[in-house]
2 protein chains.
Amino acid sequence: MAVISSTANVEQWGIFEVALQGSVEGNPFLEVELSAQFRHKHRTIDVDGFYDGEGVYRVRFMPDTQGEWSYTTRSNQAELNGVEGTFSSIAPSANNRGPVQVANTYHFAYADGTPYKQIGTTCYAWVHQGDEMEKQTLETLRTAPFNKLRMCVFPKHYAYNENEPERYPFPCLTRGSSKWTGSWWGDEKSGWSFDFSRFDPAFFQHFEQRVAQLQELGIEADLILFHPYDRWGFATMDAETDDRYLRYVVARLGAYRNVWWSMANEYDLMRSKTMADWDRFFRVVQEADPYQHLRSIHNCFAFYDHSKPWVTHLSIQRSDLEQTNTWREQYRKPAVIDECCYEGNIPQHWGNISMLEMVHRFWEGTARGGYVGHGDTFLHPQDLLWWAKGGLLYGQSAPRLAFLRQILEESPTAGLEPIDGVTTWRWHGAACAGQEHEYYLIYCGRHQPARLTVNVPEDEEYRGEVIDIEAMTITPLLEPIVRGTSVTLPGKPYQALRVQRVH
Amino acid sequence: MAVISSTANVEQWGIFEVALQGSVEGNPFLEVELSAQFRHKHRTIDVDGFYDGEGVYRVRFMPDTQGEWSYTTRSNQAELNGVEGTFSSIAPSANNRGPVQVANTYHFAYADGTPYKQIGTTCYAWVHQGDEMEKQTLETLRTAPFNKLRMCVFPKHYAYNENEPERYPFPCLTRGSSKWTGSWWGDEKSGWSFDFSRFDPAFFQHFEQRVAQLQELGIEADLILFHPYDRWGFATMDAETDDRYLRYVVARLGAYRNVWWSMANEYDLMRSKTMADWDRFFRVVQEADPYQHLRSIHNCFAFYDHSKPWVTHLSIQRSDLEQTNTWREQYRKPAVIDECCYEGNIPQHWGNISMLEMVHRFWEGTARGGYVGHGDTFLHPQDLLWWAKGGLLYGQSAPRLAFLRQILEESPTAGLEPIDGVTTWRWHGAACAGQEHEYYLIYCGRHQPARLTVNVPEDEEYRGEVIDIEAMTITPLLEPIVRGTSVTLPGKPYQALRVQRVH
């Protein structure tokens with residue numbers, strides 16, 4: 001019997017895993033085919049397995065339904081073929097609400113129906129920094145407001161990020177230079193070579209441990225599958241290697257409920273990839289992933305065409321967040337603005353906005369029906385920047401984003417939809433999103449009206465609260481709000497008005 | 001002899017005027033033609049005269065050259081025809097630098113060559129408020145930083161501006177309602193009627209006195225010839241009346257050196273005018289004005305096509321001042337952003353930005369090679385808003401705009417041109433304008449780099465100063481700046497860096 005171990009009981013949306021003993025002969029990564037068919041009542045789900053080194057083969061599976069499941073493996077290797085088993089999927093533990101999916105066209109929800117209100121952050125290469133700093137990152141995240149983190153699979157070669165990682169996803173054949181060359185276009189390999197016909201299981205074992213730790217913290221892992229910041233050659237692999245890499249990542253990580261697939265960061269900077277490559281990557285991931293985790297792709301300049309059917313949501317870099325509702329309407333999908341500049345003080349324009357500007361952009365995007373991402377980029381004597389490496393947050397926006405998250409958690413479960421005409425001047429109105437007849441979140445941004453006419457629907461009564469996004473105060477208005485009420489506001493910038501139905 | 005009076009000596013760019021006694025019979029506004037030909041050496045300039053009521057006819061002329069001038073009148077009335085005279089044009093007094101003209105494609109200069117660095121403001125209906133408040137406005141302007149003021153010829157019917165003026169440009173036949181109806185599209189006349197075949201000289205005598213008082217204060221008067229905020233019918237006159245009105249205004253006011261012609265405010269809100277009307281108005285003014293004062297037109301939504309040959313400069317409403325250099329390039333003319341929202345606290349979005357936001361927008365437009373306009377719109381118990389009526393400034397931006405003006409006065413006379421690539425990141429760089437090899441004004445806006453690499457040309461040395469646009473401080477950097485110098489900055493938003501050549 002080839003079975004080394006298998007999970008007996010597994011939570012709904014937890015990970016079932018069966019490990020099988022097989023051959024180490026030849027190149028199992030290329031030569032051994034392994035999959036399993038999982039069955040629950042009339043349903044069958046086919047899942048790819050993967051080779052984890054030292055003769056160990058694994059199949060992972062995330063059951064989406066409680067009850068009895070059975071499975072049968074298939075392989076071109078006799079000892080891995082036809083292995084059968086059963087297991088029970090039991091009730092999920094607290095904080096296990098399943099994977100996040102698109103809900104209500106423009107929003108997200110966990111599989112159990114709980115709305116997911118994204119407050120994202122970015123630590124591109126945090127898993128490549130060594131145990132000490134990686135633990136520090138997890139410690140920081142434990143009390144931070146973020147419920148999504150963008151992170152790269154491949155190590156990163158970029159300004160403030162020259163340190164060599166401990167592990168690589170492929171076996172290293174020739175070590176090259178660790179020097180930052182000033183090029184991050186994937187043109188310069190600096191002498192490195194790898195055996196792209198094999199993966200390094202140790203790399204992925206470590207990587208998936210970090211993904212699991214994020215899951216424990218309730219943080220979605222937006223996994224960036226390709227990126228241009230490369231000195232090793234990972235940005236310029238051939239198509240066959242690219243596709244095999246994608247399938248391997250999906251086979252290993254697809255069963256983690258907190259995984260999102262980001263085809264790339266700044267895909268349009270990767271000179272060696274064509275648009276057809278990006279389309280193909282989406283399809284490879286889509287076909288390999290039995291759970292249909294969220295899929296998107298992040299731009300530098302031009303948006304990828306998010307209307308393509310394999311894209312589940314926007315994942316964009318833009319600073320003009322007052323356009324958020326336009327992007328939503330254009331693609332009819334949730335608008336996530338992962339990058340709208342980061343709080344920090346580095347020379348680079350994208351990494352030196354103030355705390356208040358970072359918080360303002362979150363509110364602007366939120367009050368236009370979107371979801372925004374954070375980064376922290378402060379100069380550090382050892383180049384330890386959160387955005388690149390994790391570690392500590394040096395900015396002051398996090399508590400304000402926690403405050404915003406609390407407000408979002410209290411907002412309608414259906415999500416915040418842009419609503420026009422609630423404030424006096426239709427074309428020039430303050431940003432407003434909510435649910436008609438129920439809830440309006442009006443954000444005045446850089447504007448400072450001392451009075452604002454609120455046009456809630458006729459014959460309805462609301463209560464209003466003034467929110468100071470920087471001071472994090474919520475001040476109830478004494479008078480009720482009906483159609484045409486002229487509300488008195490503090491007459492200073494960065495205030496919001498929350499208007500909730502009373503009757 | 002018909003001559004009542006004539007100016008003997010007149011400053012270059014001052015006003016020569018000859019007043020003639022004529023008939024009061026019939027309708028002199030329609031029936032009497034009067035012009036004069038002015039001669040200096042080989043040059044001749046034809047100028048229209050105008051009827052000023054009570055049998056008095058005037059011809060005004062602004063000599064642009066010192067020396068002896070002569071003139072001869074022409075008229076279809078014998079007593080006004082063939083009147084001849086001479087006068088001397090003498091050296092201009094201090095602060096008389098002549099009319100402002102376009103200089104160096106994207107900039108302005110007085111006729112004597114002195115650069116004109118525009119810091120504009122807006123008091124649309126200040127001349128319609130009565131003597132007491134009008135004097136208060138002039139008193140405020142005396143110490144304010146503004147060297148241009150946008151003002152309407154016609155009275156204004158709009159929110160915060162319902163009060164009836166003392167005078168009208170045409171004789172009133174029927175007085176109507178003074179009530180603000182909520183409509184400012186020029187659709188509702190509210191019972192008013194006027195004799196559009198005549199002008200009311202008292203109105204214009206008062207109006208031009210105010211223009212002259214602005215001139216004494218060194219303030220250019222950007223005269224708004226049409227606007228949509230109307231309850232009297234001035235926005236819906238017929239074409240013949242429109243054109244006659246334009247020619248009358250030019251005949252009366254063209255000799256004032258501080259006059260600019262603005263065809264309209266928010267021309268695109270005037271439903272009764274077509275684009276052909278606007279084109280014609282430009283040509284009427286262009287043909288009537290012997291001095292070719294600056295001409296433009298101000299939009300609400302869509303820009304008028306400023307590339308048309310009769311437009312001298314852009315006069316636009318937009319809040320995205322980071323586009324200023326794009327607009328400059330698009331039209332190859334000076335970019336004046338008259339309206340980018342006003343400092344204030346009224347409910348209307350366009351009138352409630354903070355002091356810092358107002359000042360920021362001035363700097364953003366400036367550091368992209370343009371010129372910006374100010375307004376002050378604070379709620380007032382008697383609706384006395386500077387932007388509409390003048391009076392007092394309630395905002396805090398004026399001293400900061402004085403500070404900016406001082407910096408502009410010290411900047412290169414050729415003007416500030418957008419310069420790319422001076423800071424590290426080409427596409428995302430801070431706004432920068434200046435003159436290559438001489439002067440760079442870098443504005444970081446909402447960004448807060450603690451270090452910034454400055455790429456001045458090779459083999460040149462510069463000195464740097466950090467400018468805090470809110471605190472109004474200029475702090476010299478100790479180290480000189482050469483190509484690639486990494487400058488240390490305060491790491492807070494709203495800072496500029498002035499870089500000037502040493503050798």
# chains A, B, ... in the order shown; residues from 1 in each chain; ligands from 1
call {"tool": "closest_atom_pairs", "arguments": {"of": "chain B", "to": "chain A", "cutoff": "8 Å", "atoms": "only C-alpha atoms", "output": "CSV"}}
result
residue,atom,partner,partner_atom,distance
B:Gly344,CA,A:Gln448,CA,7.2
B:Asn345,CA,A:Pro449,CA,4.1
B:Ile346,CA,A:Pro449,CA,5.1
B:Pro347,CA,A:Leu452,CA,4.7
B:Gln348,CA,A:Trp425,CA,6.4
B:His349,CA,A:His428,CA,5.6
B:Trp350,CA,A:His428,CA,7.1
B:Asn352,CA,A:Gln448,CA,5.1
B:Ile353,CA,A:His447,CA,4.3
B:Ser354,CA,A:Gln448,CA,6.2
B:Glu357,CA,A:Arg446,CA,6.8
B:Leu379,CA,A:Ala450,CA,7.7
B:Thr424,CA,A:Gln348,CA,6.9
B:Trp425,CA,A:Gln348,CA,6.4
B:His428,CA,A:His349,CA,5.6
B:Gly429,CA,A:His349,CA,6.0
B:Ala430,CA,A:His349,CA,6.8
B:Arg446,CA,A:Ile353,CA,6.0
B:His447,CA,A:Ile353,CA,4.3
B:Gln448,CA,A:Asn352,CA,5.1
B:Pro449,CA,A:Asn345,CA,4.1
B:Ala450,CA,A:Asn345,CA,5.0
B:Arg451,CA,A:Pro347,CA,5.2
B:Leu452,CA,A:Pro347,CA,4.7
B:Thr453,CA,A:Pro347,CA,7.0
B:Gly491,CA,A:Asn345,CA,5.6
B:Lys492,CA,A:Ser354,CA,6.9
B:Pro493,CA,A:Ser354,CA,6.4
call {"tool": "residues_around", "arguments": {"residues": "B:Phe403", "least_positions_apart": "4", "cutoff": "10 Å", "atoms": "only C-alpha atoms", "output": "mmCIF file with all heavy atoms, in the first residue's frame"}}
result
data_model
loop_
_atom_site.group_PDB
_atom_site.id
_atom_site.type_symbol
_atom_site.label_atom_id
_atom_site.label_comp_id
_atom_site.auth_asym_id
_atom_site.auth_seq_id
_atom_site.Cartn_x
_atom_site.Cartn_y
_atom_site.Cartn_z
ATOM 1 N N PRO B 145 -2.947 89.305 -2.900
ATOM 2 C CA PRO B 145 -1.879 88.945 -3.852
ATOM 3 C C PRO B 145 -2.320 88.913 -5.309
ATOM 4 O O PRO B 145 -1.508 88.620 -6.182
ATOM 5 C CB PRO B 145 -1.492 87.531 -3.395
ATOM 6 C CG PRO B 145 -2.754 86.958 -2.844
ATOM 7 C CD PRO B 145 -3.475 88.121 -2.192
ATOM 8 N N SER B 397 -5.986 81.259 2.162
ATOM 9 C CA SER B 397 -5.023 80.957 1.100
ATOM 10 C C SER B 397 -4.279 82.198 0.608
ATOM 11 O O SER B 397 -3.154 82.087 0.120
ATOM 12 C CB SER B 397 -5.719 80.253 -0.071
ATOM 13 O OG SER B 397 -6.747 81.038 -0.606
ATOM 14 N N ALA B 398 -4.890 83.391 0.735
ATOM 15 C CA ALA B 398 -4.293 84.592 0.124
ATOM 16 C C ALA B 398 -2.829 84.807 0.521
ATOM 17 O O ALA B 398 -1.985 85.025 -0.357
ATOM 18 C CB ALA B 398 -5.145 85.822 0.422
ATOM 19 N N PRO B 399 -2.485 84.741 1.810
ATOM 20 C CA PRO B 399 -1.057 84.948 2.123
ATOM 21 C C PRO B 399 -0.151 83.913 1.463
ATOM 22 O O PRO B 399 0.971 84.240 1.051
ATOM 23 C CB PRO B 399 -0.991 84.855 3.651
ATOM 24 C CG PRO B 399 -2.333 84.384 4.112
ATOM 25 C CD PRO B 399 -3.311 84.632 3.018
ATOM 26 N N ILE B 407 7.595 84.031 -5.225
ATOM 27 C CA ILE B 407 8.488 83.025 -5.819
ATOM 28 C C ILE B 407 8.437 83.106 -7.341
ATOM 29 O O ILE B 407 9.461 83.018 -8.022
ATOM 30 C CB ILE B 407 8.112 81.629 -5.290
ATOM 31 C CG1 ILE B 407 8.566 81.522 -3.831
ATOM 32 C CG2 ILE B 407 8.699 80.517 -6.143
ATOM 33 C CD1 ILE B 407 7.987 80.366 -3.067
ATOM 34 N N LEU B 408 7.247 83.334 -7.881
ATOM 35 C CA LEU B 408 7.127 83.459 -9.333
ATOM 36 C C LEU B 408 7.822 84.708 -9.837
ATOM 37 O O LEU B 408 8.450 84.705 -10.901
ATOM 38 C CB LEU B 408 5.652 83.464 -9.741
ATOM 39 C CG LEU B 408 4.964 82.107 -9.678
ATOM 40 C CD1 LEU B 408 3.476 82.251 -9.978
ATOM 41 C CD2 LEU B 408 5.607 81.136 -10.665
ATOM 42 N N GLU B 409 7.696 85.801 -9.084
ATOM 43 C CA GLU B 409 8.351 87.044 -9.518
ATOM 44 C C GLU B 409 9.866 86.857 -9.590
ATOM 45 O O GLU B 409 10.543 87.493 -10.393
ATOM 46 C CB GLU B 409 8.040 88.194 -8.543
ATOM 47 C CG GLU B 409 6.569 88.466 -8.272
ATOM 48 C CD GLU B 409 5.855 89.228 -9.377
ATOM 49 O OE1 GLU B 409 6.474 89.514 -10.409
ATOM 50 O OE2 GLU B 409 4.651 89.535 -9.194
ATOM 51 N N ILE B 469 4.872 75.104 1.346
ATOM 52 C CA ILE B 469 3.874 75.980 0.721
ATOM 53 C C ILE B 469 2.831 76.450 1.722
ATOM 54 O O ILE B 469 2.169 77.455 1.497
ATOM 55 C CB ILE B 469 3.190 75.316 -0.498
ATOM 56 C CG1 ILE B 469 2.188 74.239 -0.084
ATOM 57 C CG2 ILE B 469 4.215 74.761 -1.471
ATOM 58 C CD1 ILE B 469 1.217 73.871 -1.183
ATOM 59 N N GLU B 470 2.671 75.729 2.824
ATOM 60 C CA GLU B 470 1.698 76.145 3.834
ATOM 61 C C GLU B 470 2.353 77.045 4.885
ATOM 62 O O GLU B 470 1.827 78.113 5.206
ATOM 63 C CB GLU B 470 1.072 74.916 4.506
ATOM 64 C CG GLU B 470 -0.020 75.309 5.491
ATOM 65 C CD GLU B 470 -0.621 74.122 6.221
ATOM 66 O OE1 GLU B 470 -0.092 73.002 6.108
ATOM 67 O OE2 GLU B 470 -1.629 74.324 6.924
ATOM 68 N N ALA B 471 3.495 76.612 5.393
ATOM 69 C CA ALA B 471 4.196 77.407 6.422
ATOM 70 C C ALA B 471 4.886 78.624 5.807
ATOM 71 O O ALA B 471 5.289 79.533 6.525
ATOM 72 C CB ALA B 471 5.212 76.532 7.147
ATOM 73 N N MET B 472 5.023 78.644 4.494
ATOM 74 C CA MET B 472 5.653 79.755 3.770
ATOM 75 C C MET B 472 7.100 79.973 4.215
ATOM 76 O O MET B 472 7.532 81.094 4.467
ATOM 77 C CB MET B 472 4.833 81.036 3.946
ATOM 78 C CG MET B 472 3.442 80.922 3.355
ATOM 79 S SD MET B 472 2.478 82.453 3.515
ATOM 80 C CE MET B 472 1.931 82.294 5.221
ATOM 81 N N THR B 473 7.820 78.871 4.313
ATOM 82 C CA THR B 473 9.234 78.971 4.653
ATOM 83 C C THR B 473 10.075 78.524 3.468
ATOM 84 O O THR B 473 9.652 77.689 2.666
ATOM 85 C CB THR B 473 9.573 78.067 5.853
ATOM 86 O OG1 THR B 473 9.141 76.730 5.562
ATOM 87 C CG2 THR B 473 8.872 78.554 7.110
#
call {"tool": "atom_distance", "arguments": {"atom1": "atom CA of A:Gln209", "atom2": "atom CA of A:His107"}}
result
28.4 Å
call {"tool": "atom_distance", "arguments": {"atom1": "atom CA of A:Arg328", "atom2": "atom CA of A:Tyr116"}}
result
17.4 Å
call {"tool": "residues_around", "arguments": {"residues": "A:Cys152", "least_positions_apart": "6", "cutoff": "12 Å", "atoms": "only C-alpha atoms", "output": "ChimeraX atom specification"}}
result
/A:122-128,169,207,210-211,221-230,234,260-266,387-389
call {"tool": "residues_around", "arguments": {"residues": "A:Glu139", "least_positions_apart": "6", "cutoff": "10 Å", "atoms": "only C-alpha atoms", "output": "JSON, numbers by chain"}}
result
{"A": [133, 217, 391, 392]}
call {"tool": "write_last_selection", "arguments": {"atoms": "C-alpha atoms", "output": "PDB file, in the first residue's frame"}}
result
ATOM      1  CA  MET A 133      11.674  38.586   9.787  1.00  0.00           C
ATOM      2  CA  LEU A 217      -4.821  35.197  10.753  1.00  0.00           C
ATOM      3  CA  GLY A 391       8.525  43.320   9.193  1.00  0.00           C
ATOM      4  CA  LEU A 392       7.174  46.419  10.879  1.00  0.00           C
TER       5      LEU A 392
END
call {"tool": "residues_around", "arguments": {"residues": "B:Thr475", "least_positions_apart": "4", "cutoff": "8 Å", "atoms": "only C-alpha atoms", "output": "compact mmCIF listing (two decimals) with C-alpha atoms, in the first residue's frame"}}
result
# COMPACT_ATOMS: atom_id res chain seq x y z
CA GLU B 465 15.91 75.46 -1.23
CA VAL B 466 13.06 73.55 0.37
CA ILE B 467 9.80 75.45 0.24
call {"tool": "select_by_dssp", "arguments": {"residues": "stretch 141-246 of chain B", "states": "strand (DSSP E)", "output": "MDAnalysis selection string"}}
result
chainID B and resid 148:152 172:174 193:194 220:226
call {"tool": "write_last_selection", "arguments": {"atoms": "N, CA, C and O atoms", "output": "mmCIF file, in the first residue's frame"}}
result
data_model
loop_
_atom_site.group_PDB
_atom_site.id
_atom_site.type_symbol
_atom_site.label_atom_id
_atom_site.label_comp_id
_atom_site.auth_asym_id
_atom_site.auth_seq_id
_atom_site.Cartn_x
_atom_site.Cartn_y
_atom_site.Cartn_z
ATOM 1 N N LYS B 148 -5.043 89.559 -11.161
ATOM 2 C CA LYS B 148 -6.105 89.430 -12.158
ATOM 3 C C LYS B 148 -7.400 89.134 -11.427
ATOM 4 O O LYS B 148 -7.395 88.446 -10.402
ATOM 5 N N LEU B 149 -8.476 89.684 -11.955
ATOM 6 C CA LEU B 149 -9.778 89.455 -11.334
ATOM 7 C C LEU B 149 -10.787 89.180 -12.432
ATOM 8 O O LEU B 149 -10.902 89.935 -13.402
ATOM 9 N N ARG B 150 -11.513 88.076 -12.281
ATOM 10 C CA ARG B 150 -12.575 87.771 -13.234
ATOM 11 C C ARG B 150 -13.863 88.424 -12.759
ATOM 12 O O ARG B 150 -14.262 88.245 -11.601
ATOM 13 N N MET B 151 -14.529 89.147 -13.645
ATOM 14 C CA MET B 151 -15.728 89.884 -13.275
ATOM 15 C C MET B 151 -16.685 89.963 -14.451
ATOM 16 O O MET B 151 -16.278 90.062 -15.606
ATOM 17 N N CYS B 152 -17.966 89.931 -14.138
ATOM 18 C CA CYS B 152 -18.998 89.953 -15.168
ATOM 19 C C CYS B 152 -19.403 91.379 -15.497
ATOM 20 O O CYS B 152 -19.474 92.232 -14.607
ATOM 21 N N CYS B 172 -34.272 100.008 -18.318
ATOM 22 C CA CYS B 172 -35.266 99.032 -17.873
ATOM 23 C C CYS B 172 -36.664 99.527 -18.238
ATOM 24 O O CYS B 172 -37.028 100.657 -17.965
ATOM 25 N N LEU B 173 -37.456 98.671 -18.855
ATOM 26 C CA LEU B 173 -38.842 99.010 -19.210
ATOM 27 C C LEU B 173 -39.813 98.477 -18.152
ATOM 28 O O LEU B 173 -40.720 99.164 -17.729
ATOM 29 N N THR B 174 -39.613 97.250 -17.747
ATOM 30 C CA THR B 174 -40.492 96.627 -16.753
ATOM 31 C C THR B 174 -39.653 95.937 -15.704
ATOM 32 O O THR B 174 -38.798 95.117 -16.044
ATOM 33 N N SER B 193 -38.204 93.459 -18.495
ATOM 34 C CA SER B 193 -37.967 93.801 -19.908
ATOM 35 C C SER B 193 -37.120 95.059 -19.996
ATOM 36 O O SER B 193 -37.146 95.910 -19.108
ATOM 37 N N PHE B 194 -36.325 95.126 -21.054
ATOM 38 C CA PHE B 194 -35.360 96.212 -21.255
ATOM 39 C C PHE B 194 -35.460 96.733 -22.683
ATOM 40 O O PHE B 194 -35.894 96.010 -23.586
ATOM 41 N N GLU B 220 -5.342 93.094 -13.476
ATOM 42 C CA GLU B 220 -5.969 92.896 -14.775
ATOM 43 C C GLU B 220 -7.441 92.540 -14.574
ATOM 44 O O GLU B 220 -7.770 91.741 -13.689
ATOM 45 N N ALA B 221 -8.308 93.129 -15.410
ATOM 46 C CA ALA B 221 -9.747 92.875 -15.314
ATOM 47 C C ALA B 221 -10.145 91.922 -16.439
ATOM 48 O O ALA B 221 -10.184 92.310 -17.611
ATOM 49 N N ASP B 222 -10.420 90.691 -16.064
ATOM 50 C CA ASP B 222 -10.838 89.695 -17.058
ATOM 51 C C ASP B 222 -12.352 89.815 -17.185
ATOM 52 O O ASP B 222 -13.104 89.264 -16.378
ATOM 53 N N LEU B 223 -12.802 90.560 -18.192
ATOM 54 C CA LEU B 223 -14.205 90.947 -18.301
ATOM 55 C C LEU B 223 -15.013 89.832 -18.958
ATOM 56 O O LEU B 223 -14.780 89.484 -20.124
ATOM 57 N N ILE B 224 -15.966 89.328 -18.221
ATOM 58 C CA ILE B 224 -16.815 88.241 -18.704
ATOM 59 C C ILE B 224 -17.998 88.858 -19.441
ATOM 60 O O ILE B 224 -18.853 89.511 -18.845
ATOM 61 N N LEU B 225 -18.028 88.661 -20.769
ATOM 62 C CA LEU B 225 -18.976 89.399 -21.599
ATOM 63 C C LEU B 225 -20.365 88.778 -21.604
ATOM 64 O O LEU B 225 -21.352 89.486 -21.763
ATOM 65 N N PHE B 226 -20.426 87.464 -21.458
ATOM 66 C CA PHE B 226 -21.728 86.779 -21.343
ATOM 67 C C PHE B 226 -21.637 85.748 -20.233
ATOM 68 O O PHE B 226 -20.559 85.203 -19.967
#
call {"tool": "atom_distance", "arguments": {"atom1": "atom CA of A:Ile419", "atom2": "atom CA of A:Gly373"}}
result
22.5 Å
call {"tool": "select_by_dssp", "arguments": {"residues": "stretch 16-162 of chain A", "states": "helix (DSSP H, G or I)", "output": "PDB file with N, CA and C atoms, in the first residue's frame"}}
result
ATOM      1  N   PRO A  28      10.477  12.766 -11.571  1.00  0.00           N
ATOM      2  CA  PRO A  28       9.051  12.608 -11.278  1.00  0.00           C
ATOM      3  C   PRO A  28       8.227  13.840 -11.626  1.00  0.00           C
ATOM      4  N   PHE A  29       8.847  15.027 -11.564  1.00  0.00           N
ATOM      5  CA  PHE A  29       8.100  16.262 -11.870  1.00  0.00           C
ATOM      6  C   PHE A  29       7.582  16.243 -13.307  1.00  0.00           C
ATOM      7  N   LEU A  30       8.411  15.625 -14.197  1.00  0.00           N
ATOM      8  CA  LEU A  30       8.011  15.572 -15.605  1.00  0.00           C
ATOM      9  C   LEU A  30       7.280  14.275 -15.953  1.00  0.00           C
ATOM     10  N   GLU A  31       7.685  13.185 -15.293  1.00  0.00           N
ATOM     11  CA  GLU A  31       7.299  11.881 -15.809  1.00  0.00           C
ATOM     12  C   GLU A  31       6.100  11.270 -15.105  1.00  0.00           C
ATOM     13  N   ALA A  78       2.048   2.515 -11.440  1.00  0.00           N
ATOM     14  CA  ALA A  78       1.142   1.521 -10.869  1.00  0.00           C
ATOM     15  C   ALA A  78       0.928   1.723  -9.377  1.00  0.00           C
ATOM     16  N   GLU A  79       2.011   2.026  -8.632  1.00  0.00           N
ATOM     17  CA  GLU A  79       1.880   2.097  -7.176  1.00  0.00           C
ATOM     18  C   GLU A  79       1.065   3.315  -6.734  1.00  0.00           C
ATOM     19  N   LEU A  80       0.892   4.289  -7.637  1.00  0.00           N
ATOM     20  CA  LEU A  80       0.119   5.494  -7.283  1.00  0.00           C
ATOM     21  C   LEU A  80      -1.294   5.441  -7.843  1.00  0.00           C
ATOM     22  N   TRP A 126       7.848  38.979   1.270  1.00  0.00           N
ATOM     23  CA  TRP A 126       8.008  38.707   2.709  1.00  0.00           C
ATOM     24  C   TRP A 126       8.403  37.273   3.003  1.00  0.00           C
ATOM     25  N   VAL A 127       8.016  36.344   2.142  1.00  0.00           N
ATOM     26  CA  VAL A 127       8.365  34.933   2.404  1.00  0.00           C
ATOM     27  C   VAL A 127       9.803  34.614   2.012  1.00  0.00           C
ATOM     28  N   HIS A 128      10.528  35.597   1.504  1.00  0.00           N
ATOM     29  CA  HIS A 128      11.906  35.361   1.080  1.00  0.00           C
ATOM     30  C   HIS A 128      12.902  36.055   2.006  1.00  0.00           C
ATOM     31  N   ASP A 131      13.389  33.259   8.534  1.00  0.00           N
ATOM     32  CA  ASP A 131      12.405  33.008   9.587  1.00  0.00           C
ATOM     33  C   ASP A 131      12.179  34.188  10.516  1.00  0.00           C
ATOM     34  N   GLU A 132      13.250  34.824  10.919  1.00  0.00           N
ATOM     35  CA  GLU A 132      13.101  35.853  11.943  1.00  0.00           C
ATOM     36  C   GLU A 132      12.181  36.973  11.465  1.00  0.00           C
ATOM     37  N   MET A 133      12.479  37.472  10.284  1.00  0.00           N
ATOM     38  CA  MET A 133      11.674  38.586   9.787  1.00  0.00           C
ATOM     39  C   MET A 133      10.278  38.117   9.376  1.00  0.00           C
ATOM     40  N   GLU A 134      10.184  36.909   8.860  1.00  0.00           N
ATOM     41  CA  GLU A 134       8.866  36.397   8.460  1.00  0.00           C
ATOM     42  C   GLU A 134       7.954  36.259   9.686  1.00  0.00           C
ATOM     43  N   LYS A 135       8.535  35.861  10.821  1.00  0.00           N
ATOM     44  CA  LYS A 135       7.731  35.787  12.045  1.00  0.00           C
ATOM     45  C   LYS A 135       7.318  37.178  12.511  1.00  0.00           C
ATOM     46  N   GLN A 136       8.226  38.097  12.334  1.00  0.00           N
ATOM     47  CA  GLN A 136       7.897  39.486  12.706  1.00  0.00           C
ATOM     48  C   GLN A 136       6.736  39.999  11.849  1.00  0.00           C
ATOM     49  N   THR A 137       6.757  39.665  10.570  1.00  0.00           N
ATOM     50  CA  THR A 137       5.663  40.069   9.683  1.00  0.00           C
ATOM     51  C   THR A 137       4.335  39.502  10.168  1.00  0.00           C
ATOM     52  N   LEU A 138       4.357  38.217  10.511  1.00  0.00           N
ATOM     53  CA  LEU A 138       3.113  37.584  10.983  1.00  0.00           C
ATOM     54  C   LEU A 138       2.651  38.245  12.285  1.00  0.00           C
ATOM     55  N   GLU A 139       3.602  38.604  13.114  1.00  0.00           N
ATOM     56  CA  GLU A 139       3.252  39.259  14.385  1.00  0.00           C
ATOM     57  C   GLU A 139       2.608  40.631  14.121  1.00  0.00           C
ATOM     58  N   THR A 140       3.170  41.339  13.167  1.00  0.00           N
ATOM     59  CA  THR A 140       2.600  42.639  12.813  1.00  0.00           C
ATOM     60  C   THR A 140       1.190  42.466  12.249  1.00  0.00           C
ATOM     61  N   LEU A 141       1.034  41.468  11.407  1.00  0.00           N
ATOM     62  CA  LEU A 141      -0.276  41.257  10.774  1.00  0.00           C
ATOM     63  C   LEU A 141      -1.343  40.857  11.796  1.00  0.00           C
ATOM     64  N   ARG A 142      -0.901  40.254  12.881  1.00  0.00           N
ATOM     65  CA  ARG A 142      -1.854  39.782  13.877  1.00  0.00           C
ATOM     66  C   ARG A 142      -2.734  40.923  14.409  1.00  0.00           C
ATOM     67  N   THR A 143      -2.159  42.099  14.524  1.00  0.00           N
ATOM     68  CA  THR A 143      -2.935  43.222  15.062  1.00  0.00           C
ATOM     69  C   THR A 143      -3.200  44.295  14.006  1.00  0.00           C
TER      70      THR A 143
END
call {"tool": "closest_residue", "arguments": {"among": "B:Ile442, B:Ala414, B:Val284, B:Val499", "to": "B:Val250", "atoms": "only C-alpha atoms"}}
result
B:Val284
call {"tool": "residues_around", "arguments": {"residues": "B:Phe303", "least_positions_apart": "6", "cutoff": "9 Å", "atoms": "only C-alpha atoms", "output": "list of chain:residue names"}}
result
B:Asp268, B:Ile297, B:Leu314, B:Ser315, B:Ile316, B:Gln317
